[in-house]
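Take a look at the structure set out below.
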Amino acid sequence: MVTGFTGFLGKVWVAFLLEKAPEIGKITLVVRARRDQSAVDRVRAVFERSPAMRPLRERHGERLLELVRDKIEVVAGDARDPLMGIDPGVLAHLAPQLDAVVHCAGLTDFSPDPIAALDVNVIGAMHAADVAARTPDKRLIHVSTCFVAGEVDGEVPESIAPGTSPNGTRFDVDAEIIALRSACDAINEREGGPRKSAARRGRVELGTKRAQALGWPNLYTYSKGLAEQALGRREDLALTLVRPSIVECAREFPFPGWNEGLNTSGPIVWMCSGFAWKVPMRADNTFDVVPVDTVSRGMTIAVADALADRAAPIYQLASGDHHRFTFDRALDLTALNVRRGYVPSGVSALERMLLTHMDSQAMEVGADRSVWLPLAKKATRSLRDVFRRFDGDKHLPASMPKGDRDRWHMRIQDASLKANKTSRLLESIEQLWKSYQPFIHDHDYRFSTRTVRSRSAGLPDDERATFGWDLETMCWREYWMDIEIPGLDEWSLPLLRGKTVPDDEGMDLGGDPPSVAIAALPPTGTENAMHDLGGAE
Amino acid sequence: MTTSHDPRAALFRLEGALSPRPTLTAAAWLSLNARRVRARFLGLSSLALAGPLAFGGAPGRATELAWASLEGMSEDRLVVLGELYAQDYLIGALSQVGLDLVERCREQGQRLVLLSDNLDVVARPVARHLGIDLVVSNAMELDSHDRATGKLREPALGPSLGGRLLTDRLAELGVDLRTACAYGSHRDDSALLGAVALPCAVTPDRELRRVARDLDWPVVG
């Protein structure tokens with residue numbers, strides 16, 4: 001059973017399994033329905049049009065429906081609900097057949113609403129665990145993040161300290177959840193309701209302060225840390241934690257450069273390819289990037305180990321301890337890519353010429369101590385205000401013809417709008433840098449990856465070629481310049497510019513009008529809860 | 001067109017026989033494209049000193065100064081800029097006479113070798129373009145952070161290719177100078193041409209033309 005299929009990693013991993021391990025039995029996808037789209041239709045749309053499924057569409061063509069019917073089943077559910085909102089009858093039917101539950105679903109926003117973060121990342125994980133506890137072998141593989149380590153430096157071992165936060169504070173997960181919810185309720189009441197923007201701001205500020213008080217840099221890592229702690233306490237599970245680092249563009253699968261959504265590197269590359277000449281990073285700190293298909297390999301190793309009952313407790317999937325990449329190198333390669341002719345989308349010829357010679361550099365100072373950003377903001381705001389106060393009648397010569405006067409007025413108003421836009425952009429950049437600061441400046445992480453590398457080394461040769469941890473074979477220069485930057489430019493950066501990224505034209509899975517066939521179920525009146533994909537039989 | 005196998009190697013000096021650009025211009029261009037503006041100015045200052053030395057009879061010292069201007073440059077930057085320089089300034093300007101000679105040697109089944117006192121990051125892209133597998137060139141010494149020290153990796157080749165150093169480097173590649181042919185254009189290539197079985201002066205400068213005439217070497221172009 002897999003949750004999070006509609007997310008970036010979930011899609012790639014399931015596609016990877018179907019492509020590379022076709023002997024797999026059945027994958028049950030727990031998918032949340034949307035108001036206008038059923039769970040089945042969401043899964044259908046992924047197989048039909050998501051670029052992540054291109055290799056499957058290319059290999060199987062019109063026979064893809066057969067593969068999907070053979071290997072996939074869809075269950076409507078929601079991790080926020082008890083037992084993931086799966087119909088009890090469906091769960092009773094499924095659970096005895098499940099070998100493992102792989103929980104990929106989660107909120108990846110750095111600063112989410114703390115209540116949403118608790119509901120999805122913490123309580124959601126507990127609900128997945130409850131489902132796993134009902135399976136014969138009670139296996140739960142929970143996808144977390146390396147950055148639950150918090151605000152630390154140096155080697156980060158594959159371990160967990162029960163009841164202890166990253167800065168050594170003793171805490172209780174249940175008490176933490178209750179306290180946070182109560183505090184958020186108080187804020188909601190004070191601000192006139194949970195939907196008020198002041199209430200949301202207040203909740204995020206409160207949650208962030210609490211996270212930082214315990215040694216986590218933000219709400220995301222705090223909620224993932226709480227989830228690990230909550231799961232680690234349970235005695236009714238065979239628990240395996242998988243902690244990926246920064247998951248980035250695919251190296252090879254489904255195809256080089258594939259990415260989805262706004263991830264960590266996208267904004268960094270965007271700003272380094274623009275006019276952020278001085279970037280608030282520490283040059284020699286580790287930029288712990290791992291391609292999504294390499295993470296898929298690591299996840300497969302962890303799940304296979306779990307199924308063979310020889311899993312280690314924790315698998316960290318990272319690069320910094322054995323194939324290190326630094327921020328300085330990323331900046332240098334990003335700048336060199338512009339020289340090589342890569343033109344960031346939406347950049348004029350003049351801008352490109354300037355960018356070619358303005359290589360971004362790390363300024364070694366955190367965004368909170370940056371001088372140039374606040375100065376630049378102040379300057380653009382002052383300019384905007386000056387332009388706004390411009391009055392043609394007062395400031396232009398009386399002898400100027402009215403037509404010229406009006407034209408000048410329009411130009412100044414345009415300039416004022418541009419100055420305002422630039423000021424807001426600088427504000428966004430400053431906020432972005434501040435939220436990234438723990439990872440790009442304050443701390444240098446070396447996540448230990450001993451487990452996945454040693455397990456990979458023990459694989460038979462043919463399996464190692466397909467599933468082995470192969471990061472050391474990757475040339476960072478080629479990956480960053482030829483895969484990551486073009487991949488981000490195509491799949492992620494348009495989102496920063498307010499555009500959407502279209503799916504593939506794809507294919508119709510086929511079958512008679514896209515309806516669902518109802519699987520045979522025990523007579524519990526739950527026929528609508530579980531569906532096979534495809535046309536009516 | 002018949003391709004016959006000729007075990008002799010054909011050695012082509014990049015600077016002159018194939019490309020009109022001297023090695024110093026590569027060093028200057030790389031230096032101008034250093035990451036930091038200060039490094040660009042410092043590099044150009046070094047090159048300003050190197051220029052007179054090159055023409056003033058101290059080419060070895062000129063080379064040292066030229067490459068010293070790259071101190072601190074990352075390996076990534078050297079590789080990418082080297083490729084860019086080769087693409088933009090060398091490959092498009094290769095001499096037709098030199099290209100025809102390369103093709104003729106290839107048709108005869110000879111082993112092709114590109115010789116250069118330039119950096120490998122510049123010479124190798126040219127070799128790839130020409131379909132030449134064997135390259136003998138210089139390489140920048142890197143420190144433990146993969147940054148240029150400003151010195152060439154020893155043993156370094158000087159502008160005047162030849163002597164024991166070159167013989168040993170070629171021997172490592174299985175090339176025997178005593179049976180090879182070589183193509184050069186400058187006075188600096190005299191030692192190389194004098195060491196091979198079949199020398200050839202390609203659009204030679206005045207001094208090499210005189211030597212070729214005296215020693216009865218063929219002259220092309």
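In the structure tokens, chains take letters A, B, ... by order of appearance, with residues numbered from 1 within each chain and ligands from 1 in the order shown.
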Practice task
Please run DSSP on the backbone and report, as a VMD selection string, all residues within range 78-257 of chain A that come out as helix (DSSP H, G or I).
Solution key: chain A and resid 82 to 85 88 to 97 114 to 133 146 to 149 173 to 191 197 to 214 219 to 233
I need the residues from that last selection saved to file as a compact mmCIF listing (two decimals), in the first residue's frame (with C-alpha atoms), if you can.
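Now in out_15.txt:
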```
# COMPACT_ATOMS: atom_id res chain seq x y z
CA PRO A 82 -8.56 7.75 11.15
CA LEU A 83 -7.29 4.66 9.34
CA MET A 84 -6.58 7.03 6.45
CA GLY A 85 -10.27 7.36 5.77
CA PRO A 88 -13.70 -0.26 7.07
CA GLY A 89 -14.97 -3.05 4.86
CA VAL A 90 -12.36 -2.33 2.23
CA LEU A 91 -9.65 -2.21 4.84
CA ALA A 92 -10.80 -5.48 6.37
CA HIS A 93 -10.57 -7.05 2.93
CA LEU A 94 -7.22 -5.51 2.02
CA ALA A 95 -5.23 -5.57 5.23
CA PRO A 96 -4.59 -9.34 5.41
CA GLN A 97 -3.12 -9.19 1.88
CA PRO A 114 0.88 24.42 11.84
CA ILE A 115 -2.52 22.77 12.16
CA ALA A 116 -2.27 21.45 8.60
CA ALA A 117 1.29 20.31 9.32
CA LEU A 118 0.14 18.43 12.41
CA ASP A 119 -2.85 16.91 10.68
CA VAL A 120 -0.98 15.72 7.61
CA ASN A 121 2.59 15.13 8.67
CA VAL A 122 2.08 13.91 12.24
CA ILE A 123 -1.44 12.58 12.66
CA GLY A 124 -1.43 11.38 9.05
CA ALA A 125 1.66 9.32 9.79
CA MET A 126 -0.05 7.85 12.86
CA HIS A 127 -3.07 6.90 10.77
CA ALA A 128 -0.80 5.17 8.24
CA ALA A 129 0.76 3.35 11.18
CA ASP A 130 -2.67 2.27 12.41
CA VAL A 131 -3.34 0.73 9.00
CA ALA A 132 0.05 -0.96 8.98
CA ALA A 133 -0.64 -2.37 12.44
CA CYS A 146 17.14 14.10 6.62
CA PHE A 147 16.47 17.59 7.94
CA VAL A 148 14.65 16.29 11.02
CA ALA A 149 18.20 16.56 12.33
CA VAL A 173 4.92 14.41 21.43
CA ASP A 174 1.34 14.22 22.68
CA ALA A 175 1.80 17.18 24.98
CA GLU A 176 3.44 19.08 22.15
CA ILE A 177 0.49 18.49 19.82
CA ILE A 178 -2.07 19.46 22.46
CA ALA A 179 -0.17 22.61 23.41
CA LEU A 180 0.24 23.71 19.80
CA ARG A 181 -3.42 23.16 18.98
CA SER A 182 -4.50 25.08 22.09
CA ALA A 183 -2.24 27.97 21.29
CA CYS A 184 -3.52 28.07 17.70
CA ASP A 185 -7.13 28.02 18.95
CA ALA A 186 -6.36 31.01 21.16
CA ILE A 187 -4.92 32.90 18.23
CA ASN A 188 -7.95 32.08 16.09
CA GLU A 189 -10.25 33.41 18.76
CA ARG A 190 -8.22 36.56 19.22
CA GLU A 191 -8.12 37.31 15.50
CA SER A 197 -5.10 36.18 7.43
CA ALA A 198 -3.90 37.65 10.73
CA ALA A 199 -4.88 34.38 12.42
CA ARG A 200 -2.89 32.34 9.88
CA ARG A 201 0.11 34.63 10.22
CA GLY A 202 -0.13 34.34 13.98
CA ARG A 203 -0.33 30.54 13.87
CA VAL A 204 2.65 30.23 11.53
CA GLU A 205 4.68 32.63 13.66
CA LEU A 206 3.82 30.75 16.83
CA GLY A 207 4.53 27.36 15.30
CA THR A 208 7.82 28.53 13.86
CA LYS A 209 8.93 29.95 17.21
CA ARG A 210 8.05 26.68 18.91
CA ALA A 211 9.94 24.69 16.27
CA GLN A 212 13.01 26.88 16.69
CA ALA A 213 12.81 26.66 20.48
CA LEU A 214 13.27 22.91 20.12
CA LEU A 219 7.48 24.00 10.77
CA TYR A 220 8.17 21.42 8.10
CA THR A 221 11.15 19.82 9.80
CA TYR A 222 9.43 20.20 13.20
CA SER A 223 6.34 18.30 12.03
CA LYS A 224 8.40 15.57 10.35
CA GLY A 225 10.48 15.29 13.53
CA LEU A 226 7.35 14.95 15.66
CA ALA A 227 6.08 12.25 13.32
CA GLU A 228 9.29 10.25 13.70
CA GLN A 229 9.13 10.58 17.45
CA ALA A 230 5.46 9.51 17.53
CA LEU A 231 6.08 6.51 15.29
CA GLY A 232 9.22 5.53 17.15
CA ARG A 233 7.28 5.13 20.39
```
Practice task
Write out as an NGL selection string each polymer residue whose atoms come within 8 Å of Arg139 in chain A, counting only C-alpha atoms; drop sequence neighbours fewer than 5 positions from it.
Solution key: :A and (99-101 or 132-133 or 237-240 or 306-307)
Exercise for the section: Please identify which residues in range 147-247 of chain A DSSP calls strand (DSSP E) from the backbone, and express them as a PyMOL selection string. Expected result: chain A and resi 154-156+238-244+246-247
Those same residues, written as a compact mmCIF listing (two decimals), in the first residue's frame with C-alpha atoms?
```txt
# COMPACT_ATOMS: atom_id res chain seq x y z
CA GLY A 154 28.73 17.97 10.88
CA GLU A 155 27.93 14.29 10.69
CA VAL A 156 24.31 13.37 11.23
CA ALA A 238 7.95 -3.00 12.23
CA LEU A 239 9.06 0.53 11.45
CA THR A 240 11.58 1.64 8.84
CA LEU A 241 12.35 5.32 8.38
CA VAL A 242 13.54 6.61 5.01
CA ARG A 243 15.05 10.09 5.14
CA PRO A 244 15.76 11.65 1.76
CA ILE A 246 17.01 17.49 -1.07
CA VAL A 247 15.22 15.61 -3.86
```
Exercise for the section: Could you check which of B:Leu170, B:Val220, B:Leu157, B:Leu114 is closest to Ser185 in chain B, using only C-alpha atoms? Expected result: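 Checking each candidate against Ser185 in chain B, we get B:Val220 as the closest.
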Problem - Residue contacts of Leu67 in chain A (12 Å, only C-alpha atoms) excluding same-chain residues fewer than 6 positions away, as a ChimeraX atom specification - result: /A:15,18-19,22-27,47,56-57,59-61,73,509,532-534
Practice task
Check every residue of chain A for an atom within 7 Å of chain B, counting only C-alpha atoms, and provide those that qualify as a PyMOL selection string.
Solution key: chain A and resi 340+359+477
